[in-house]
Amino acid sequence: MSILMVNEYADFNMLKELLGATDGNLASHTKALEKAEYITVEKQFIGRKPNTRYATSKLGRIEFKKHIEALEKLIQKGQ
């Protein structure tokens with residue numbers, strides 16, 4: 001999610017490279033995020049090659065910000 005929060009979108013290969021994830025691992029995580037409606041998925045062809053792009057949804061941005069705020073509160077309590 002953090003990659004998608006700072007980029008308009010990211011394709012499967014970009015996410016895979018940046019995260020160091022396997023195809024299967026990345027596919028299962030993106031599927032879960034899509035099911036929760038935190039990301040949108042756009043499938044297209046570039047030339048003859050399939051390309052899948054991911055972007056955060058409005059709900060995904062809201063929930064990610066809530067998550068970061070909760071983490072910040074935990075860190076502040078520990079100081």
# chains A, B, ... in the order shown; residues from 1 in each chain; ligands from 1
>>> residues_around(residues="range 10-16 of chain A", least_positions_apart="5", cutoff="8 Å", atoms="only C-alpha atoms", output="PyMOL selection string")
chain A and resi 3-4+21-23+26+51-55
>>> select_by_dssp(residues="chain A", states="helix (DSSP H, G or I)", output="ChimeraX atom specification")
/A:2-6,12-19,23-35,58-77
>>> closest_residue(among="A:Asn25, A:Thr56, A:Gln79, A:Asn7", to="Tyr38 in chain A", atoms="only C-alpha atoms")
A:Thr56
>>> select_by_dssp(residues="chain A", states="strand (DSSP E or B)", output="list in words")
Ala10, Asp11, Ile39, Thr40, Val41, Glu42, Lys43, Gln44, Phe45, Ile46, Lys49, Pro50, Asn51, Thr52, Arg53, Tyr54, Ala55 and Thr56 of chain A
>>> write_last_selection(atoms="C-alpha atoms", output="mmCIF file, in the first residue's frame")
data_model
loop_
_atom_site.group_PDB
_atom_site.id
_atom_site.type_symbol
_atom_site.label_atom_id
_atom_site.label_comp_id
_atom_site.auth_asym_id
_atom_site.auth_seq_id
_atom_site.Cartn_x
_atom_site.Cartn_y
_atom_site.Cartn_z
ATOM 1 C CA ALA A 10 2.165 0.702 -10.089
ATOM 2 C CA ASP A 11 2.160 -2.313 -12.350
ATOM 3 C CA ILE A 39 -7.065 -0.931 -4.462
ATOM 4 C CA THR A 40 -8.352 -0.854 -8.002
ATOM 5 C CA VAL A 41 -7.014 -3.163 -10.700
ATOM 6 C CA GLU A 42 -6.758 -2.302 -14.377
ATOM 7 C CA LYS A 43 -5.802 -4.995 -16.884
ATOM 8 C CA GLN A 44 -4.688 -4.000 -20.354
ATOM 9 C CA PHE A 45 -2.375 -5.015 -23.168
ATOM 10 C CA ILE A 46 0.712 -3.027 -24.078
ATOM 11 C CA LYS A 49 1.922 -8.186 -23.558
ATOM 12 C CA PRO A 50 -0.616 -8.196 -20.714
ATOM 13 C CA ASN A 51 -0.142 -5.490 -18.098
ATOM 14 C CA THR A 52 -1.877 -5.198 -14.732
ATOM 15 C CA ARG A 53 -1.868 -1.839 -12.957
ATOM 16 C CA TYR A 54 -2.876 -1.170 -9.366
ATOM 17 C CA ALA A 55 -3.933 2.080 -7.706
ATOM 18 C CA THR A 56 -5.310 2.950 -4.293
#
>>> residues_around(residues="Leu59 in chain A", least_positions_apart="3", cutoff="7 Å", atoms="only C-alpha atoms", output="VMD selection string")
chain A and resid 37 to 38 62 to 63
>>> closest_residue(among="A:Gly78, A:Met1, A:His67, A:Lys73", to="His29 in chain A", atoms="only C-alpha atoms")
A:Met1
>>> closest_residue(among="A:Gly24, A:Phe64, A:Glu17, A:Lys35", to="Met5 in chain A", atoms="only C-alpha atoms")
A:Phe64
